[in-house]
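> Hey, dropping final_18.cif in here, mmCIF, C-alpha atoms, pLDDT in the B column; chains and numbers go by the auth columns:
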data_final
#
loop_
_atom_site.group_PDB
_atom_site.id
_atom_site.type_symbol
_atom_site.label_atom_id
_atom_site.label_comp_id
_atom_site.label_asym_id
_atom_site.label_seq_id
_atom_site.Cartn_x
_atom_site.Cartn_y
_atom_site.Cartn_z
_atom_site.B_iso_or_equiv
_atom_site.auth_seq_id
_atom_site.auth_asym_id
ATOM 1 C CA ASP A 1 75.510 90.894 118.442 46.00 256 A
ATOM 2 C CA ASN A 2 71.897 92.058 118.571 51.00 257 A
ATOM 3 C CA GLY A 3 71.183 91.682 114.872 51.00 258 A
ATOM 4 C CA THR A 4 70.345 88.771 112.644 51.00 259 A
ATOM 5 C CA MET A 5 71.957 87.794 109.360 45.00 260 A
ATOM 6 C CA SER A 6 69.077 89.520 107.524 51.00 261 A
ATOM 7 C CA ASP A 7 70.047 92.832 109.171 57.00 262 A
ATOM 8 C CA PHE A 8 73.448 92.926 107.512 53.00 263 A
ATOM 9 C CA PRO A 9 73.982 92.292 103.791 51.00 264 A
ATOM 10 C CA ILE A 10 77.370 90.651 103.234 47.00 265 A
ATOM 11 C CA THR A 11 79.531 91.722 100.313 46.00 266 A
ATOM 12 C CA SER A 12 82.952 90.360 99.348 40.00 267 A
ATOM 13 C CA ILE A 13 84.448 93.695 98.341 40.00 268 A
ATOM 14 C CA LEU A 14 88.001 94.925 98.697 41.00 269 A
ATOM 15 C CA GLY A 15 89.562 91.503 98.324 40.00 270 A
ATOM 16 C CA VAL A 16 90.973 89.017 95.849 41.00 271 A
ATOM 17 C CA ILE A 17 90.378 85.307 95.476 39.00 272 A
ATOM 18 C CA SER A 18 93.490 83.289 96.280 39.00 273 A
ATOM 19 C CA GLY A 19 93.191 79.519 96.112 42.00 274 A
ATOM 20 C CA ASN A 20 90.026 78.512 97.945 43.00 275 A
ATOM 21 C CA SER A 21 89.797 81.531 100.217 41.00 276 A
ATOM 22 C CA LEU A 22 89.193 85.253 100.066 37.00 277 A
ATOM 23 C CA GLN A 23 92.338 87.194 100.937 40.00 278 A
ATOM 24 C CA LEU A 24 91.610 90.726 102.117 40.00 279 A
ATOM 25 C CA ASN A 25 93.965 93.488 101.094 44.00 280 A
ATOM 26 C CA SER A 26 94.297 95.430 104.335 44.00 281 A
ATOM 27 C CA SER A 27 95.629 98.507 102.504 45.00 282 A
ATOM 28 C CA LEU A 28 92.195 98.941 100.908 46.00 283 A
ATOM 29 C CA ILE A 29 90.175 98.698 104.117 48.00 284 A
ATOM 30 C CA PRO A 30 89.655 101.868 106.160 50.00 285 A
ATOM 31 C CA GLY A 31 90.834 101.590 109.753 47.00 286 A
ATOM 32 C CA ASP A 32 87.729 103.351 111.044 54.00 287 A
ATOM 33 C CA SER A 33 84.110 102.814 110.117 55.00 288 A
ATOM 34 C CA LEU A 34 82.576 105.100 107.508 62.00 289 A
ATOM 35 C CA SER A 35 79.326 106.377 108.965 63.00 290 A
ATOM 36 C CA HIS A 36 77.340 109.252 107.474 60.00 291 A
ATOM 37 C CA ARG A 37 73.667 109.836 106.779 66.00 292 A
ATOM 38 C CA SER A 38 74.311 110.059 103.022 63.00 293 A
ATOM 39 C CA VAL A 39 76.491 106.945 102.869 68.00 294 A
ATOM 40 C CA VAL A 40 75.565 103.316 103.432 63.00 295 A
ATOM 41 C CA ASN A 41 77.254 102.711 106.793 65.00 296 A
ATOM 42 C CA ILE A 42 80.424 100.612 106.548 61.00 297 A
ATOM 43 C CA PRO A 43 81.791 99.234 109.829 59.00 298 A
ATOM 44 C CA ALA A 44 85.559 99.003 110.217 57.00 299 A
ATOM 45 C CA GLY A 45 86.754 96.168 108.001 53.00 300 A
ATOM 46 C CA GLY A 46 84.589 97.122 105.055 51.00 301 A
ATOM 47 C CA ILE A 47 82.755 93.844 104.489 53.00 302 A
ATOM 48 C CA VAL A 48 79.464 94.088 106.402 62.00 303 A
ATOM 49 C CA MET A 49 77.269 97.059 105.513 64.00 304 A
ATOM 50 C CA SER A 50 74.056 98.172 107.153 70.00 305 A
ATOM 51 C CA LEU A 51 70.766 97.123 105.573 76.00 306 A
ATOM 52 C CA ILE A 52 68.874 99.922 103.845 81.00 307 A
ATOM 53 C CA PRO A 53 65.116 100.282 104.469 84.00 308 A
ATOM 54 C CA LYS A 54 62.925 99.026 101.632 87.00 309 A
ATOM 55 C CA GLU A 55 61.559 102.536 101.052 90.00 310 A
ATOM 56 C CA TYR A 56 64.788 103.391 99.248 91.00 311 A
ATOM 57 C CA THR A 57 64.974 102.717 95.505 93.00 312 A
ATOM 58 C CA LEU A 58 67.822 103.041 93.015 94.00 313 A
ATOM 59 C CA LEU A 59 67.984 106.391 91.260 96.00 314 A
ATOM 60 C CA GLY A 60 68.929 104.827 87.929 96.00 315 A
ATOM 61 C CA LYS A 61 69.680 101.630 86.081 96.00 316 A
ATOM 62 C CA PRO A 62 73.066 100.420 84.765 94.00 317 A
ATOM 63 C CA PRO A 63 74.198 101.450 81.270 94.00 318 A
ATOM 64 C CA SER A 64 72.877 99.583 78.250 95.00 319 A
ATOM 65 C CA PHE A 65 74.607 98.555 75.023 95.00 320 A
ATOM 66 C CA GLU A 66 73.207 101.753 73.524 94.00 321 A
ATOM 67 C CA THR A 67 74.354 104.161 76.252 94.00 322 A
ATOM 68 C CA ILE A 68 77.663 102.303 76.925 93.00 323 A
ATOM 69 C CA THR A 69 78.963 104.410 79.846 91.00 324 A
ATOM 70 C CA ARG A 70 75.867 106.355 80.834 94.00 325 A
ATOM 71 C CA ASP A 71 73.085 105.147 83.096 95.00 326 A
ATOM 72 C CA THR A 72 69.582 104.425 81.873 96.00 327 A
ATOM 73 C CA PHE A 73 66.341 105.566 83.485 96.00 328 A
ATOM 74 C CA ASP A 74 62.832 104.168 83.653 93.00 329 A
ATOM 75 C CA PRO A 75 60.523 106.657 81.865 91.00 330 A
ATOM 76 C CA ASN A 76 57.613 105.481 84.018 90.00 331 A
ATOM 77 C CA VAL A 77 59.238 106.524 87.307 89.00 332 A
ATOM 78 C CA PRO A 78 58.022 109.962 88.518 89.00 333 A
ATOM 79 C CA LYS A 79 60.584 112.684 87.880 92.00 334 A
ATOM 80 C CA PHE A 80 61.880 115.245 90.338 92.00 335 A
ATOM 81 C CA SER A 81 61.297 118.953 90.701 89.00 336 A
ATOM 82 C CA PRO A 82 64.388 121.183 90.325 91.00 337 A
ATOM 83 C CA ILE A 83 64.671 121.661 94.090 90.00 338 A
ATOM 84 C CA GLU A 84 64.423 117.887 94.658 92.00 339 A
ATOM 85 C CA ALA A 85 67.198 117.351 92.090 94.00 340 A
ATOM 86 C CA CYS A 86 69.251 119.970 93.921 94.00 341 A
ATOM 87 C CA TYR A 87 68.745 118.094 97.192 94.00 342 A
ATOM 88 C CA ILE A 88 69.914 114.876 95.535 96.00 343 A
ATOM 89 C CA ALA A 89 73.057 116.548 94.180 97.00 344 A
ATOM 90 C CA ARG A 90 73.712 118.152 97.565 96.00 345 A
ATOM 91 C CA ASP A 91 73.455 114.835 99.420 95.00 346 A
ATOM 92 C CA VAL A 92 75.698 113.044 96.917 96.00 347 A
ATOM 93 C CA ALA A 93 78.320 115.806 97.159 96.00 348 A
ATOM 94 C CA ARG A 94 78.120 115.565 100.943 94.00 349 A
ATOM 95 C CA ALA A 95 78.556 111.788 100.781 93.00 350 A
ATOM 96 C CA MET A 96 81.561 112.080 98.477 94.00 351 A
ATOM 97 C CA LYS A 97 83.084 114.721 100.725 94.00 352 A
ATOM 98 C CA GLU A 98 82.975 112.194 103.571 91.00 353 A
ATOM 99 C CA VAL A 99 84.309 109.364 101.397 91.00 354 A
ATOM 100 C CA HIS A 100 87.297 111.426 100.285 93.00 355 A
ATOM 101 C CA ALA A 101 87.878 112.609 103.866 92.00 356 A
ATOM 102 C CA ALA A 102 88.132 108.920 104.800 88.00 357 A
ATOM 103 C CA LYS A 103 90.886 108.613 102.155 89.00 358 A
ATOM 104 C CA LEU A 104 88.780 106.475 99.862 89.00 359 A
ATOM 105 C CA CYS A 105 87.825 106.710 96.207 91.00 360 A
ATOM 106 C CA HIS A 106 84.341 105.280 95.574 92.00 361 A
ATOM 107 C CA GLY A 107 85.236 104.297 92.019 93.00 362 A
ATOM 108 C CA ASP A 108 81.709 103.829 90.685 94.00 363 A
ATOM 109 C CA LEU A 109 79.734 107.035 91.186 96.00 364 A
ATOM 110 C CA TYR A 110 76.613 106.460 89.103 96.00 365 A
ATOM 111 C CA ALA A 111 72.877 106.955 89.574 97.00 366 A
ATOM 112 C CA HIS A 112 72.475 103.164 89.794 96.00 367 A
ATOM 113 C CA ASN A 113 74.632 103.219 92.941 94.00 368 A
ATOM 114 C CA LEU A 114 72.478 105.815 94.670 95.00 369 A
ATOM 115 C CA LEU A 115 69.493 104.890 96.806 93.00 370 A
ATOM 116 C CA VAL A 116 66.794 107.545 97.072 94.00 371 A
ATOM 117 C CA ARG A 117 63.797 107.831 99.359 92.00 372 A
ATOM 118 C CA ARG A 118 61.102 110.343 98.530 88.00 373 A
ATOM 119 C CA SER A 119 58.548 110.944 101.296 84.00 374 A
ATOM 120 C CA ARG A 120 55.640 113.345 101.597 71.00 375 A
ATOM 121 C CA ILE A 121 56.086 116.089 104.198 62.00 376 A
ATOM 122 C CA SER A 122 53.335 115.889 106.807 55.00 377 A
ATOM 123 C CA GLY A 123 50.753 118.631 106.431 54.00 378 A
ATOM 124 C CA ASP A 124 51.963 119.722 102.991 52.00 379 A
ATOM 125 C CA ASP A 125 50.449 117.990 99.969 51.00 380 A
ATOM 126 C CA ASN A 126 52.896 119.576 97.544 58.00 381 A
ATOM 127 C CA SER A 127 56.255 119.028 99.247 64.00 382 A
ATOM 128 C CA THR A 128 58.447 115.974 99.562 75.00 383 A
ATOM 129 C CA ALA A 129 61.555 115.182 101.572 88.00 384 A
ATOM 130 C CA ILE A 130 64.498 113.600 99.768 91.00 385 A
ATOM 131 C CA SER A 131 67.008 111.243 101.373 91.00 386 A
ATOM 132 C CA VAL A 132 69.968 109.802 99.453 93.00 387 A
ATOM 133 C CA ARG A 133 72.421 107.015 100.305 91.00 388 A
ATOM 134 C CA LEU A 134 75.605 106.281 98.366 90.00 389 A
ATOM 135 C CA CYS A 135 76.103 102.517 98.112 87.00 390 A
ATOM 136 C CA ASP A 136 78.116 99.771 96.371 85.00 391 A
ATOM 137 C CA PHE A 137 81.756 100.178 97.365 83.00 392 A
ATOM 138 C CA GLY A 138 82.873 97.231 95.220 81.00 393 A
ATOM 139 C CA GLY A 139 85.130 99.498 93.150 86.00 394 A
ATOM 140 C CA ALA A 140 86.538 101.451 96.083 86.00 395 A
ATOM 141 C CA THR A 141 90.232 102.296 96.204 87.00 396 A
ATOM 142 C CA SER A 142 92.389 103.559 99.040 86.00 397 A
ATOM 143 C CA LEU A 143 93.766 107.066 98.743 89.00 398 A
ATOM 144 C CA GLY A 144 95.939 106.603 101.815 84.00 399 A
ATOM 145 C CA SER A 145 99.456 105.340 102.353 82.00 400 A
ATOM 146 C CA GLY A 146 101.122 103.797 99.340 86.00 401 A
ATOM 147 C CA VAL A 147 99.240 105.987 96.859 89.00 402 A
ATOM 148 C CA SER A 148 101.194 108.893 95.412 93.00 403 A
ATOM 149 C CA PRO A 149 99.676 112.382 95.847 93.00 404 A
ATOM 150 C CA ASP A 150 99.453 112.792 92.064 94.00 405 A
ATOM 151 C CA ILE A 151 97.473 109.574 91.619 94.00 406 A
ATOM 152 C CA ALA A 152 95.210 110.386 94.570 94.00 407 A
ATOM 153 C CA SER A 153 94.560 113.844 93.117 95.00 408 A
ATOM 154 C CA ALA A 154 93.760 112.368 89.690 95.00 409 A
ATOM 155 C CA LEU A 155 91.334 109.832 91.198 94.00 410 A
ATOM 156 C CA ARG A 156 89.521 112.552 93.130 96.00 411 A
ATOM 157 C CA ALA A 157 89.310 114.616 89.946 96.00 412 A
ATOM 158 C CA MET A 158 87.836 111.657 88.055 96.00 413 A
ATOM 159 C CA GLU A 159 85.148 111.340 90.724 96.00 414 A
ATOM 160 C CA LEU A 160 84.299 115.010 90.317 97.00 415 A
ATOM 161 C CA ARG A 161 83.868 114.370 86.594 97.00 416 A
ATOM 162 C CA ALA A 162 81.627 111.406 87.392 97.00 417 A
ATOM 163 C CA PHE A 163 79.608 113.686 89.658 98.00 418 A
ATOM 164 C CA GLY A 164 79.274 116.133 86.764 97.00 419 A
ATOM 165 C CA LYS A 165 77.881 113.328 84.601 96.00 420 A
ATOM 166 C CA LEU A 166 75.397 112.534 87.363 97.00 421 A
ATOM 167 C CA VAL A 167 74.299 116.173 87.518 97.00 422 A
ATOM 168 C CA ASP A 168 73.891 116.071 83.740 96.00 423 A
ATOM 169 C CA ASP A 169 71.652 113.010 84.136 96.00 424 A
ATOM 170 C CA LEU A 170 69.566 114.912 86.667 95.00 425 A
ATOM 171 C CA LEU A 171 69.189 117.862 84.301 94.00 426 A
ATOM 172 C CA VAL A 172 68.527 115.852 81.145 93.00 427 A
ATOM 173 C CA SER A 173 66.620 112.776 82.292 94.00 428 A
ATOM 174 C CA LEU A 174 65.272 113.204 85.805 94.00 429 A
ATOM 175 C CA ILE A 175 63.758 116.694 86.135 91.00 430 A
ATOM 176 C CA SER A 176 60.124 117.183 85.216 84.00 431 A
ATOM 177 C CA GLU A 177 59.731 119.791 82.476 69.00 432 A
ATOM 178 C CA GLY A 178 56.488 120.930 84.055 68.00 433 A
ATOM 179 C CA LYS A 179 58.230 121.877 87.297 57.00 434 A
ATOM 180 C CA THR A 180 60.651 124.520 86.059 58.00 435 A
ATOM 181 C CA GLY A 181 60.133 128.289 85.849 62.00 436 A
ATOM 182 C CA LEU A 182 60.023 129.554 89.429 57.00 437 A
ATOM 183 C CA ASN A 183 62.788 127.102 90.325 64.00 438 A
ATOM 184 C CA ASP A 184 65.394 128.571 87.977 85.00 439 A
ATOM 185 C CA LYS A 185 67.966 129.129 90.751 90.00 440 A
ATOM 186 C CA TYR A 186 68.149 125.382 91.369 92.00 441 A
ATOM 187 C CA LEU A 187 68.628 124.688 87.686 93.00 442 A
ATOM 188 C CA THR A 188 71.245 127.439 87.508 93.00 443 A
ATOM 189 C CA VAL A 189 73.465 125.999 90.237 95.00 444 A
ATOM 190 C CA LEU A 190 73.215 122.502 88.735 96.00 445 A
ATOM 191 C CA LYS A 191 74.153 123.848 85.304 94.00 446 A
ATOM 192 C CA GLU A 192 77.093 125.760 86.794 95.00 447 A
ATOM 193 C CA ILE A 193 78.393 122.600 88.432 96.00 448 A
ATOM 194 C CA ARG A 194 77.901 120.606 85.238 96.00 449 A
ATOM 195 C CA LYS A 195 79.898 123.182 83.273 95.00 450 A
ATOM 196 C CA SER A 196 82.742 123.310 85.808 95.00 451 A
ATOM 197 C CA THR A 197 83.058 119.506 86.012 96.00 452 A
ATOM 198 C CA ILE A 198 82.356 118.192 82.501 96.00 453 A
ATOM 199 C CA GLY A 199 82.303 121.391 80.423 94.00 454 A
ATOM 200 C CA SER A 200 80.195 121.885 77.329 85.00 455 A
ATOM 201 C CA GLY A 201 80.756 120.531 73.846 78.00 456 A
ATOM 202 C CA SER A 202 84.453 119.923 73.232 81.00 457 A
ATOM 203 C CA ASP A 203 85.466 122.181 76.127 88.00 458 A
ATOM 204 C CA THR A 204 86.134 119.457 78.698 92.00 459 A
ATOM 205 C CA PRO A 205 88.031 120.416 81.882 94.00 460 A
ATOM 206 C CA SER A 206 91.335 118.602 82.342 94.00 461 A
ATOM 207 C CA LEU A 207 92.005 116.454 85.390 92.00 462 A
ATOM 208 C CA ILE A 208 94.563 119.042 86.446 92.00 463 A
ATOM 209 C CA SER A 209 91.928 121.790 86.503 94.00 464 A
ATOM 210 C CA LEU A 210 89.437 119.490 88.241 95.00 465 A
ATOM 211 C CA SER A 211 92.012 118.676 90.914 94.00 466 A
ATOM 212 C CA LYS A 212 91.710 122.298 92.050 93.00 467 A
ATOM 213 C CA ILE A 213 88.033 121.710 92.900 94.00 468 A
ATOM 214 C CA SER A 214 86.867 119.627 95.842 95.00 469 A
ATOM 215 C CA PHE A 215 83.570 118.115 96.908 97.00 470 A
ATOM 216 C CA ASN A 216 83.731 120.493 99.872 96.00 471 A
ATOM 217 C CA GLU A 217 83.370 123.405 97.465 96.00 472 A
ATOM 218 C CA VAL A 218 80.689 121.716 95.372 97.00 473 A
ATOM 219 C CA HIS A 219 78.693 120.794 98.466 96.00 474 A
ATOM 220 C CA ARG A 220 78.917 124.364 99.758 96.00 475 A
ATOM 221 C CA MET A 221 77.633 125.797 96.456 95.00 476 A
ATOM 222 C CA ILE A 222 74.582 123.547 96.374 96.00 477 A
ATOM 223 C CA SER A 223 73.877 123.860 100.095 95.00 478 A
ATOM 224 C CA GLU A 224 73.798 127.659 99.884 95.00 479 A
ATOM 225 C CA THR A 225 71.195 127.437 97.128 93.00 480 A
ATOM 226 C CA CYS A 226 69.094 124.869 99.002 89.00 481 A
ATOM 227 C CA SER A 227 69.259 126.780 102.287 85.00 482 A
ATOM 228 C CA ASN A 228 67.802 129.861 100.599 74.00 483 A
ATOM 229 C CA SER A 229 64.727 127.966 99.419 62.00 484 A
#
Would you kindly transcribe this structure into structure tokens?

Amino acid sequence: DNGTMSDFPITSILGVISGNSLQLNSSLIPGDSLSHRSVVNIPAGGIVMSLIPKEYTLLGKPPSFETITRDTFDPNVPKFSPIEACYIARDVARAMKEVHAAKLCHGDLYAHNLLVRRSRISGDDNSTAISVRLCDFGGATSLGSGVSPDIASALRAMELRAFGKLVDDLLVSLISEGKTGLNDKYLTVLKEIRKSTIGSGSDTPSLISLSKISFNEVHRMISETCSNS
């Protein structure tokens, strides 16, 4: 009531076009709002989402014809230190933990659906604060009533694999080579998560094995490393 149209971006997600009108599928819309500092706030109903401050920028770009299923990254954008990359992974895991707790599957966990704000910490010329928001719920799916436990488990496992691909992107494309060395513990935890979620070489974890891992566990692992910094 107190906002203007410019305060709330409108998105026609979670619905299908029928005739001349948009018919919402109520089974896909969470009954309660999804509100968390690492998620773009979604009021109950799932159509109007809060506007993100302009200081946030997308972490990556959509895949190209060359990369097919993997995001692309602007080589001119400043890269992150290992601890900053760890903070990003921690915030994304925390966001996904909340999404799954709300009985939703995001369905499109990529760097190009993550908004990141990097700000200088007052009084410290060498440190930055990282804030991440998970956005774009256009591919979201309900994990609630009507979805079998096996399918829900498989969808959660697929999102863990997508998270592993994101961590791989952080390690391969987004960490500055000149900022490693003393930050090995941050690289170590990211590499451990990458191995447990996407494996190495031909040794790819099955969805059954991934279903035994949760974003709660992943978030805890990264948070313990970050809290000891």
> Would you please work out which residue, of A:Val473, A:Ile385, A:Ile307, A:Leu410, is nearest to Ile338 in chain A when using only C-alpha atoms?
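Checking each candidate against Ile338 in chain A, we get A:Ile385 as the closest.
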> Smallest atom-to-atom distance to Gly419 in chain A: which of A:Asp329, A:Glu447, A:Asp458, A:Asp346, using only C-alpha atoms?
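Among the listed residues, A:Glu447 lies closest to Gly419 in chain A.
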> Can you tell me how far CA of Leu425 in chain A sits from CA of Ser478 in chain A, in Å to one decimal?
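CA of Ser478 in chain A lies at a distance of 16.7 Å from CA of Leu425 in chain A.
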> On this file, the PyMOL selection byres ((chain A and resi 448) around 12) gives some set of residues; write that set as number ranges by chain.
A: 341, 344-345, 348, 415-423, 425-426, 441-447, 449-455, 460, 465, 468-470, 472-477
> Determine the nearest neighbour of Thr312 in chain A from the options A:Thr396, A:Ser466, A:Thr327, A:Asn368, counting all atoms listed in the file.
A:Asn368
> Could you please determine the separation between CA of Ala384 in chain A and CA of Pro333 in chain A in Å, to one decimal place?
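According to the coordinates, CA of Ala384 in chain A and CA of Pro333 in chain A are separated by 14.5 Å.
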> What is the distance between CA of Thr322 in chain A and CA of Ser461 in chain A, in Å to one decimal?
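About the pair CA of Thr322 in chain A and CA of Ser461 in chain A: they are 23.1 Å apart.
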> Decode the PyMOL selection byres ((chain A and resi 430) around 8) for the given file into explicit residues and return them as a PyMOL selection string.
chain A and resi 334-337+340+425-429+431-432+434
> Applying the PyMOL selection byres ((chain A and resi 351) around 10) to the file I just gave you, which residues come out? Please list them as JSON, numbers by chain.
{"A": [293, 294, 345, 346, 347, 348, 349, 350, 352, 353, 354, 355, 356, 357, 359, 360, 361, 364, 389, 411, 414, 415, 418, 469, 470, 471, 474]}
